[in-house]
file my_file_15.cif (mmCIF, C-alpha atoms)
data_query
#
loop_
_atom_site.label_atom_id
_atom_site.label_comp_id
_atom_site.auth_asym_id
_atom_site.auth_seq_id
_atom_site.Cartn_x
_atom_site.Cartn_y
_atom_site.Cartn_z
CA MET A 1179 6.40 -9.91 -25.95
CA SER A 1180 7.27 -13.36 -24.63
CA ALA A 1181 5.78 -14.81 -21.49
CA ALA A 1182 9.22 -14.57 -19.89
CA ASP A 1183 9.38 -10.85 -20.65
CA SER A 1184 5.93 -10.30 -19.18
CA LEU A 1185 7.13 -11.71 -15.89
CA VAL A 1186 9.78 -9.01 -15.62
CA ASP A 1187 7.50 -6.00 -16.14
CA GLY A 1188 6.79 -4.31 -12.85
CA GLY A 1189 8.64 -6.79 -10.62
CA PHE A 1190 7.49 -9.55 -8.28
CA ALA A 1191 6.49 -9.22 -4.62
CA LEU A 1192 5.00 -11.10 -1.67
CA TYR A 1193 2.26 -9.62 0.51
CA VAL A 1194 1.46 -11.24 3.88
CA HIS A 1195 -1.81 -10.21 5.54
CA TRP A 1196 -2.14 -10.34 9.32
CA PRO A 1197 -5.83 -9.60 9.98
CA PHE A 1198 -5.84 -8.81 13.69
CA CYS A 1199 -5.91 -5.47 15.51
CA LYS A 1200 -6.32 -4.44 19.12
CA ALA A 1201 -9.20 -2.17 18.09
CA LYS A 1202 -11.03 -1.21 14.91
CA CYS A 1203 -10.34 2.39 13.86
CA PRO A 1204 -13.47 4.34 12.85
CA TYR A 1205 -12.08 5.23 9.39
CA CYS A 1206 -10.77 1.76 8.51
CA ASP A 1207 -12.38 -0.42 5.84
CA PHE A 1208 -9.49 -2.89 5.63
CA ASN A 1209 -9.91 -6.59 6.41
CA SER A 1210 -9.06 -6.22 10.09
CA HIS A 1211 -10.63 -7.96 13.07
CA VAL A 1212 -10.45 -7.78 16.85
CA ARG A 1213 -10.01 -11.14 18.58
CA PRO A 1214 -9.37 -11.71 22.32
CA GLU A 1215 -6.85 -14.48 21.63
CA VAL A 1216 -4.81 -15.70 18.66
CA ASP A 1217 -3.10 -19.10 18.40
CA HIS A 1218 0.19 -17.89 16.94
CA GLU A 1219 1.63 -21.35 16.33
CA ARG A 1220 -1.45 -22.36 14.36
CA TRP A 1221 -1.39 -19.17 12.32
CA ARG A 1222 2.30 -19.57 11.57
CA ARG A 1223 1.72 -23.06 10.18
CA ALA A 1224 -1.18 -21.81 8.07
CA LEU A 1225 0.73 -18.88 6.57
CA LEU A 1226 3.61 -21.18 5.67
CA ALA A 1227 1.25 -23.70 4.08
CA GLU A 1228 -0.40 -21.06 1.88
CA LEU A 1229 3.00 -19.68 0.97
CA ASP A 1230 4.01 -23.17 -0.20
CA HIS A 1231 0.84 -23.32 -2.30
CA PHE A 1232 1.51 -20.11 -4.22
CA ALA A 1233 5.26 -20.72 -4.47
CA ALA A 1234 4.56 -23.97 -6.29
CA LEU A 1235 2.78 -21.92 -8.97
CA THR A 1236 5.65 -19.44 -9.42
CA PRO A 1237 8.95 -21.35 -9.46
CA GLY A 1238 12.10 -19.61 -10.59
CA ARG A 1239 10.90 -16.09 -9.85
CA THR A 1240 13.07 -13.40 -8.30
CA LEU A 1241 11.47 -11.61 -5.36
CA ASP A 1242 11.81 -7.83 -5.12
CA SER A 1243 10.05 -7.27 -1.81
CA ILE A 1244 8.08 -8.73 1.08
CA PHE A 1245 5.44 -6.70 2.88
CA PHE A 1246 3.71 -7.66 6.13
CA GLY A 1247 0.45 -5.67 6.19
CA GLY A 1248 -2.84 -5.79 8.01
CA GLY A 1249 -4.49 -5.42 10.38
CA THR A 1250 -1.56 -4.83 12.70
CA PRO A 1251 1.39 -7.04 11.71
CA SER A 1252 3.42 -5.81 14.67
CA LEU A 1253 1.10 -8.01 16.74
CA MET A 1254 2.70 -11.03 15.04
CA THR A 1255 5.49 -12.79 16.89
CA PRO A 1256 9.00 -12.25 15.50
CA PRO A 1257 9.47 -16.04 15.05
CA THR A 1258 6.44 -16.10 12.72
CA VAL A 1259 7.87 -13.25 10.67
CA ALA A 1260 11.25 -14.99 10.56
CA ALA A 1261 9.65 -18.27 9.44
CA VAL A 1262 7.81 -16.59 6.54
CA ILE A 1263 10.97 -14.81 5.37
CA GLU A 1264 13.01 -18.00 5.60
CA ALA A 1265 10.39 -19.96 3.66
CA ALA A 1266 10.22 -17.27 0.96
CA ALA A 1267 14.00 -17.42 0.59
CA GLY A 1268 13.71 -21.17 0.08
CA HIS A 1269 11.11 -20.77 -2.67
CA TRP A 1270 12.45 -17.82 -4.69
CA ARG A 1271 15.66 -15.95 -5.39
CA PHE A 1272 15.93 -12.63 -3.52
CA VAL A 1273 17.17 -9.53 -5.31
CA PRO A 1274 20.29 -8.15 -3.61
CA GLY A 1275 19.17 -5.93 -0.74
CA ILE A 1276 15.56 -7.11 -0.91
CA GLU A 1277 13.14 -4.75 0.85
CA ILE A 1278 11.26 -6.44 3.71
CA THR A 1279 8.68 -4.13 5.30
CA LEU A 1280 6.46 -4.59 8.34
CA GLU A 1281 3.64 -2.22 9.28
CA ALA A 1282 3.54 -1.31 12.96
CA ASN A 1283 1.49 0.69 15.41
CA PRO A 1284 3.63 2.92 17.62
CA THR A 1285 2.45 1.76 21.02
CA SER A 1286 5.13 1.25 23.61
CA VAL A 1287 4.59 -2.52 23.81
CA GLU A 1288 4.92 -3.05 20.05
CA ALA A 1289 7.90 -0.72 19.73
CA GLU A 1290 9.82 -2.90 22.19
CA ARG A 1291 9.52 -5.77 19.72
CA PHE A 1292 11.31 -3.91 16.93
CA ARG A 1293 14.64 -5.57 17.67
CA GLY A 1294 13.00 -8.98 17.35
CA PHE A 1295 11.58 -8.07 13.94
CA ARG A 1296 14.96 -6.75 12.80
CA ALA A 1297 16.61 -10.00 13.85
CA ALA A 1298 13.91 -11.88 11.91
CA GLY A 1299 14.98 -10.13 8.70
CA VAL A 1300 12.77 -7.05 8.49
CA ASN A 1301 14.79 -4.09 7.20
CA ARG A 1302 12.07 -1.47 6.79
CA VAL A 1303 9.20 -0.51 9.10
CA SER A 1304 6.14 1.59 8.28
CA LEU A 1305 4.55 3.23 11.32
CA GLY A 1306 0.89 4.18 11.54
CA VAL A 1307 1.38 7.48 13.37
CA GLN A 1308 -1.68 9.12 11.68
CA ALA A 1309 -1.61 12.41 13.63
CA LEU A 1310 0.69 14.56 15.75
CA ASP A 1311 -2.10 15.86 17.96
CA ASP A 1312 -3.36 13.84 20.92
CA ALA A 1313 -6.97 14.99 20.54
CA ASP A 1314 -7.00 14.03 16.86
CA LEU A 1315 -5.42 10.67 17.68
CA ARG A 1316 -8.32 9.98 20.00
CA PHE A 1317 -10.76 11.10 17.30
CA LEU A 1318 -9.12 8.66 14.86
CA GLY A 1319 -9.43 5.83 17.37
CA ARG A 1320 -5.70 5.41 17.80
CA GLU A 1321 -4.39 3.87 21.02
CA HIS A 1322 -1.05 5.69 21.12
CA SER A 1323 -0.10 9.23 22.09
CA VAL A 1324 2.06 11.69 20.19
CA ALA A 1325 4.88 11.03 22.68
CA GLU A 1326 4.67 7.29 22.02
CA ALA A 1327 4.64 7.90 18.28
CA THR A 1328 7.76 10.06 18.28
CA THR A 1329 9.55 7.57 20.53
CA ALA A 1330 8.64 4.74 18.18
CA VAL A 1331 9.90 6.66 15.15
CA GLU A 1332 13.19 7.39 16.91
CA LEU A 1333 13.54 3.72 17.86
CA ALA A 1334 12.77 2.63 14.30
CA ALA A 1335 15.46 4.98 13.00
CA ALA A 1336 17.99 3.42 15.36
CA ILE A 1337 17.12 -0.21 14.55
CA PHE A 1338 16.03 -0.44 10.91
CA GLU A 1339 17.85 0.49 7.73
CA ARG A 1340 14.79 2.37 6.48
CA HIS A 1341 11.58 3.57 8.04
CA SER A 1342 8.49 5.55 7.13
CA PHE A 1343 5.37 6.77 8.86
CA ASP A 1344 1.83 7.69 7.85
CA LEU A 1345 -0.25 10.74 8.62
CA ILE A 1346 -3.93 11.34 7.84
CA TYR A 1347 -4.97 14.88 6.99
CA ALA A 1348 -8.12 16.70 5.87
CA ARG A 1349 -9.59 15.80 9.21
CA PRO A 1350 -12.88 17.54 10.13
CA GLY A 1351 -12.21 21.12 11.17
CA GLN A 1352 -8.52 21.01 10.20
CA THR A 1353 -7.13 24.34 8.97
CA GLU A 1354 -4.34 25.09 6.56
CA ARG A 1355 -2.31 26.66 9.36
CA ALA A 1356 -2.72 23.64 11.66
CA TRP A 1357 -1.79 21.15 8.94
CA GLU A 1358 1.29 23.16 7.96
CA ALA A 1359 2.48 23.18 11.56
CA GLU A 1360 1.89 19.44 11.86
CA LEU A 1361 3.70 18.74 8.59
CA ARG A 1362 6.72 20.81 9.64
CA ARG A 1363 6.85 18.92 12.91
CA ALA A 1364 6.72 15.62 11.02
CA LEU A 1365 9.53 16.70 8.72
CA ALA A 1366 11.70 17.48 11.73
CA PHE A 1367 12.04 13.76 12.52
CA ALA A 1368 11.15 12.13 9.20
CA ASP A 1369 13.73 10.16 7.30
CA GLY A 1370 13.48 9.24 3.61
CA HIS A 1371 9.78 8.46 3.22
CA LEU A 1372 6.38 9.79 4.31
CA SER A 1373 2.87 8.64 3.42
CA LEU A 1374 0.26 11.39 3.70
CA TYR A 1375 -3.35 10.33 3.12
CA GLN A 1376 -6.47 12.44 2.90
CA LEU A 1377 -9.17 11.18 5.22
CA THR A 1378 -11.81 9.43 3.16
CA ILE A 1379 -15.16 8.33 4.52
CA GLU A 1380 -15.58 4.74 3.40
CA PRO A 1381 -18.92 2.84 3.43
CA GLY A 1382 -19.18 0.36 6.25
CA THR A 1383 -16.97 2.32 8.64
CA ARG A 1384 -18.01 3.98 11.87
CA PHE A 1385 -17.21 7.40 10.39
CA HIS A 1386 -19.56 6.70 7.49
CA ALA A 1387 -22.38 5.90 9.90
CA MET A 1388 -21.66 9.12 11.79
CA VAL A 1389 -21.84 11.15 8.57
CA GLU A 1390 -25.13 9.47 7.66
CA GLN A 1391 -26.49 10.34 11.12
CA GLY A 1392 -25.33 13.97 10.86
CA ARG A 1393 -22.85 13.56 13.70
CA LEU A 1394 -19.74 14.14 11.57
CA GLU A 1395 -19.14 16.71 8.85
CA PRO A 1396 -16.27 15.98 6.45
CA LEU A 1397 -13.95 18.78 5.45
CA ASP A 1398 -15.17 20.65 2.38
CA GLU A 1399 -13.58 19.86 -0.98
CA ASP A 1400 -11.98 23.28 -1.46
CA THR A 1401 -10.12 23.02 1.85
CA GLN A 1402 -9.11 19.45 1.03
CA ALA A 1403 -7.62 20.68 -2.26
CA THR A 1404 -5.77 23.48 -0.48
CA LEU A 1405 -4.27 21.03 2.01
CA PHE A 1406 -3.24 18.69 -0.81
CA GLU A 1407 -1.44 21.49 -2.62
CA LEU A 1408 0.24 22.63 0.59
CA THR A 1409 1.42 19.07 1.20
CA GLN A 1410 3.00 18.83 -2.25
CA GLU A 1411 4.78 22.16 -1.88
CA LEU A 1412 6.19 21.59 1.61
CA LEU A 1413 7.38 18.05 0.94
CA ALA A 1414 9.00 18.96 -2.38
CA ALA A 1415 10.80 21.88 -0.73
CA ALA A 1416 12.04 19.51 1.99
CA GLY A 1417 13.50 17.12 -0.59
CA LEU A 1418 10.72 14.51 -0.40
CA PRO A 1419 8.72 15.07 -3.60
CA ALA A 1420 5.63 13.02 -4.37
CA TYR A 1421 6.40 9.90 -6.35
CA GLU A 1422 2.77 8.76 -6.02
CA VAL A 1423 -0.46 10.54 -5.13
CA SER A 1424 -0.06 10.06 -1.36
CA ASN A 1425 3.58 9.01 -1.01
CA HIS A 1426 6.71 11.13 -0.78
CA ALA A 1427 10.34 10.09 -0.71
CA ARG A 1428 13.88 11.19 -1.19
CA PRO A 1429 15.24 9.80 -4.48
CA GLY A 1430 15.99 6.10 -3.99
CA GLN A 1431 13.87 5.80 -0.84
CA GLU A 1432 10.57 4.96 -2.54
CA SER A 1433 8.66 1.92 -1.26
CA ARG A 1434 9.84 -0.82 -3.61
CA HIS A 1435 6.93 -3.04 -2.66
CA ASN A 1436 4.28 -0.48 -3.52
CA LEU A 1437 6.10 0.31 -6.75
CA VAL A 1438 5.47 -3.30 -7.82
CA TYR A 1439 1.73 -2.62 -7.44
CA TRP A 1440 1.76 0.75 -9.16
CA ARG A 1441 4.00 -0.48 -11.98
CA TYR A 1442 1.54 -3.34 -12.43
CA GLY A 1443 3.90 -6.14 -11.53
CA ASP A 1444 3.08 -9.59 -10.23
CA TYR A 1445 2.54 -10.30 -6.55
CA VAL A 1446 1.54 -13.19 -4.33
CA GLY A 1447 -0.95 -12.42 -1.57
CA ILE A 1448 -1.26 -14.78 1.41
CA GLY A 1449 -3.41 -14.55 4.53
CA PRO A 1450 -7.14 -13.81 4.95
CA GLY A 1451 -8.59 -11.62 2.21
CA ALA A 1452 -5.25 -11.16 0.42
CA HIS A 1453 -5.33 -10.41 -3.30
CA GLY A 1454 -2.70 -11.25 -5.90
CA ARG A 1455 -1.83 -10.78 -9.57
CA LEU A 1456 0.14 -13.60 -11.17
CA THR A 1457 1.29 -14.23 -14.72
CA LEU A 1458 1.07 -18.00 -15.23
CA GLN A 1459 1.90 -19.48 -18.63
CA GLY A 1460 1.46 -16.08 -20.24
CA THR A 1461 -1.97 -15.41 -18.69
CA LYS A 1462 -2.59 -12.73 -16.08
CA LEU A 1463 -4.65 -14.07 -13.18
CA ALA A 1464 -6.31 -12.36 -10.23
CA THR A 1465 -6.19 -14.37 -7.01
CA ARG A 1466 -7.92 -13.81 -3.70
CA THR A 1467 -8.26 -15.69 -0.45
CA THR A 1468 -11.15 -16.22 1.94
CA ARG A 1469 -11.75 -13.02 3.89
CA VAL A 1470 -13.00 -14.18 7.32
CA PRO A 1471 -9.98 -15.24 9.43
CA GLU A 1472 -11.54 -18.35 10.92
CA ARG A 1473 -12.83 -19.57 7.55
CA TRP A 1474 -9.46 -18.92 5.94
CA LEU A 1475 -7.68 -20.85 8.70
CA ALA A 1476 -10.03 -23.81 8.37
CA SER A 1477 -9.61 -23.86 4.59
CA VAL A 1478 -5.83 -23.82 4.81
CA GLU A 1479 -5.81 -26.61 7.34
CA ALA A 1480 -8.14 -28.67 5.16
CA HIS A 1481 -6.74 -27.91 1.69
CA GLY A 1482 -3.32 -26.28 2.14
CA HIS A 1483 -4.60 -22.86 1.08
CA GLY A 1484 -7.49 -20.44 1.49
CA GLU A 1485 -7.60 -19.44 -2.16
CA GLU A 1486 -10.96 -18.78 -3.78
CA ALA A 1487 -11.67 -18.98 -7.51
CA ARG A 1488 -9.05 -17.36 -9.74
CA GLU A 1489 -10.11 -14.98 -12.47
CA THR A 1490 -8.42 -14.37 -15.80
CA VAL A 1491 -7.55 -10.70 -16.30
CA GLY A 1492 -8.20 -10.09 -20.00
CA ALA A 1493 -6.43 -7.57 -22.21
CA GLU A 1494 -9.07 -4.89 -21.68
CA ALA A 1495 -9.04 -5.30 -17.90
CA GLN A 1496 -5.22 -5.22 -17.90
CA ARG A 1497 -5.30 -1.97 -19.87
CA VAL A 1498 -7.61 -0.42 -17.30
CA GLU A 1499 -5.64 -1.72 -14.32
CA LEU A 1500 -2.35 -0.53 -15.78
CA MET A 1501 -3.76 2.98 -16.23
CA MET A 1502 -5.40 3.06 -12.80
CA MET A 1503 -2.11 2.10 -11.17
CA GLY A 1504 0.41 3.81 -13.42
CA LEU A 1505 -1.21 7.24 -13.47
CA ARG A 1506 -0.92 7.39 -9.67
CA LEU A 1507 2.83 7.60 -10.12
CA THR A 1508 4.72 10.80 -10.89
CA GLU A 1509 6.73 8.80 -13.44
CA GLY A 1510 3.52 7.73 -15.14
CA MET A 1511 3.25 4.60 -17.25
CA SER A 1512 4.96 3.12 -20.28
CA LEU A 1513 3.09 3.62 -23.55
CA SER A 1514 4.84 0.64 -25.14
CA ARG A 1515 3.59 -1.57 -22.33
CA LEU A 1516 0.08 -0.21 -22.81
CA GLU A 1517 0.35 -1.18 -26.47
CA ARG A 1518 1.54 -4.68 -25.61
CA LEU A 1519 -1.31 -5.23 -23.17
CA SER A 1520 -4.03 -3.83 -25.42
CA GLY A 1521 -2.66 -5.19 -28.69
CA ARG A 1522 -3.08 -1.90 -30.53
CA PRO A 1523 -1.39 1.53 -30.79
CA TRP A 1524 -1.62 3.39 -27.51
CA GLN A 1525 -3.61 6.24 -29.08
CA HIS A 1526 -6.35 3.70 -29.80
CA SER A 1527 -6.24 2.38 -26.24
CA ILE A 1528 -7.38 5.66 -24.71
CA ASP A 1529 -10.46 7.74 -25.30
CA GLY A 1530 -9.22 10.26 -27.87
CA LYS A 1531 -11.44 13.14 -26.78
CA GLY A 1532 -10.63 12.52 -23.12
CA LEU A 1533 -6.91 12.47 -23.94
CA ALA A 1534 -7.03 15.76 -25.85
CA ASN A 1535 -9.17 17.47 -23.22
CA SER A 1536 -6.97 16.24 -20.36
CA ILE A 1537 -3.79 17.48 -22.05
CA GLU A 1538 -5.41 20.85 -22.82
CA ALA A 1539 -6.61 21.17 -19.22
CA GLY A 1540 -3.09 20.54 -17.95
CA TRP A 1541 -4.03 17.26 -16.28
CA LEU A 1542 -1.95 14.97 -18.47
CA GLU A 1543 1.29 14.99 -20.42
CA VAL A 1544 2.92 12.67 -22.95
CA ALA A 1545 6.72 12.64 -23.14
CA ASP A 1546 9.60 10.20 -23.63
CA GLY A 1547 7.33 7.26 -24.31
CA ARG A 1548 5.35 7.71 -21.11
CA LEU A 1549 1.91 8.95 -20.17
CA ALA A 1550 1.83 10.82 -16.85
CA ALA A 1551 -0.65 12.83 -14.83
CA THR A 1552 0.51 16.28 -13.83
CA PRO A 1553 0.28 17.35 -10.16
CA THR A 1554 -3.08 18.93 -11.02
CA GLY A 1555 -4.20 15.73 -12.73
CA ARG A 1556 -3.18 13.53 -9.79
CA GLN A 1557 -5.28 15.73 -7.55
CA ARG A 1558 -8.26 14.87 -9.81
CA LEU A 1559 -7.29 11.33 -10.60
CA ASP A 1560 -10.77 9.80 -10.49
CA GLY A 1561 -12.08 12.31 -13.01
CA LEU A 1562 -8.98 11.94 -15.18
CA LEU A 1563 -9.37 8.16 -15.32
CA ARG A 1564 -13.04 8.45 -16.21
CA ALA A 1565 -12.11 10.74 -19.10
CA LEU A 1566 -9.46 8.38 -20.44
CA ILE A 1567 -11.13 5.01 -19.90
#
call {"tool": "encode", "arguments": {"input": "my_file_15.cif", "output": "structure tokens"}}
result
Amino acid sequence: MSAADSLVDGGFALYVHWPFCKAKCPYCDFNSHVRPEVDHERWRRALLAELDHFAALTPGRTLDSIFFGGGTPSLMTPPTVAAVIEAAAGHWRFVPGIEITLEANPTSVEAERFRGFRAAGVNRVSLGVQALDDADLRFLGREHSVAEATTAVELAAAIFERHSFDLIYARPGQTERAWEAELRRALAFADGHLSLYQLTIEPGTRFHAMVEQGRLEPLDEDTQATLFELTQELLAAAGLPAYEVSNHARPGQESRHNLVYWRYGDYVGIGPGAHGRLTLQGTKLATRTTRVPERWLASVEAHGHGEEARETVGAEAQRVELMMMGLRLTEGMSLSRLERLSGRPWQHSIDGKGLANSIEAGWLEVADGRLAATPTGRQRLDGLLRALI
């Protein structure tokens, strides 16, 4: 495969990280920070400078999507969002109908800014609703109410071409009956996409400390599995089948940006702590930027970017990353691409015993030149990957 062909596989995307939040949620291990004040003009200049830096490395590319993530990107000013989009359009070609997504929290103040973001060029919004129960919202550290969340979703539907929202389930004490009722309520005002994540207790979070201290008991694994299966069944019946482990969409409404990740495409990451994967002169490189906001800002102002040392992603690491990403998808991954990355027949790129056992157990299937995890396999994805890799 030529270097030019390798650039096409999986697509090309831009991720913009805004690291600031009003408060740190107790389950969050993302690179997010609470600051009393933010100099928006200074941050706009820095984001544009780092964008220039990475664009100079990737001339002639065609951009499939832009994603403003965080943190809480809806705390950005619409002029900053507009400036980044305009600069990206000056650096790369846009695919027709490019997807431009901004993550938002559904507080009343931020919802009022939706029209400004739409005018800036955002055409898809992803709302962090997280729960449709006020008590559980307080437990999750969210600052909005259910009423504010539903109002924000309705406003998003009226302003943006596409919208989605997230819910977190498998919360401590949650029952199958309660989650089913919450899911049905969500489906009543959902559009073409829903992201439904199981609550995970990540090291370094407040929830993790509470578990260590015996003040929080996670939901047992059997109940988590039951809720996962219920989620798959209800969403599929409603016409939003899973296209990835935690993401559901009507056909054609999948998140194009996240598909670039899961299909192992190339992407530029700008902003504090942003990661990227770039194919430069036929070599796959991993990029990352300085994580602490103030250090990143100082580096950009001094050097034009906050990038730290790049790392070459060798053939073996690419094989592993392709499988880790691709097997999350219902569509699975291309076996011919696996062969190109590993340089050998795909059967020799996977643990043979693990492959046979996974197929026999009903976790994996091979068909039409693709390797895909079954619904049962996606529910046990960590174990499946260990068996194959």
call {"tool": "atom_distance", "arguments": {"input": "my_file_15.cif", "atom1": "atom CA of Pro1204 of chain A", "atom2": "atom CA of Ala1325 of chain A"}}
result
21.9 Å
call {"tool": "resolve_selection", "arguments": {"input": "my_file_15.cif", "expression": "the PyMOL selection byres ((chain A and resi 1203) around 7)", "output": "PyMOL selection string"}}
result
chain A and resi 1201-1202+1204-1206+1318-1320
call {"tool": "atom_distance", "arguments": {"input": "my_file_15.cif", "atom1": "atom CA of Tyr1375 of chain A", "atom2": "atom CA of Arg1363 of chain A"}}
result
16.5 Å
call {"tool": "atom_distance", "arguments": {"input": "my_file_15.cif", "atom1": "atom CA of Val1446 of chain A", "atom2": "atom CA of Arg1488 of chain A"}}
result
12.6 Å
call {"tool": "resolve_selection", "arguments": {"input": "my_file_15.cif", "expression": "the PyMOL selection byres ((chain A and resi 1502) around 10)", "output": "PyMOL selection string"}}
result
chain A and resi 1440+1442+1496-1501+1503-1507+1511+1559-1560+1562-1564+1567
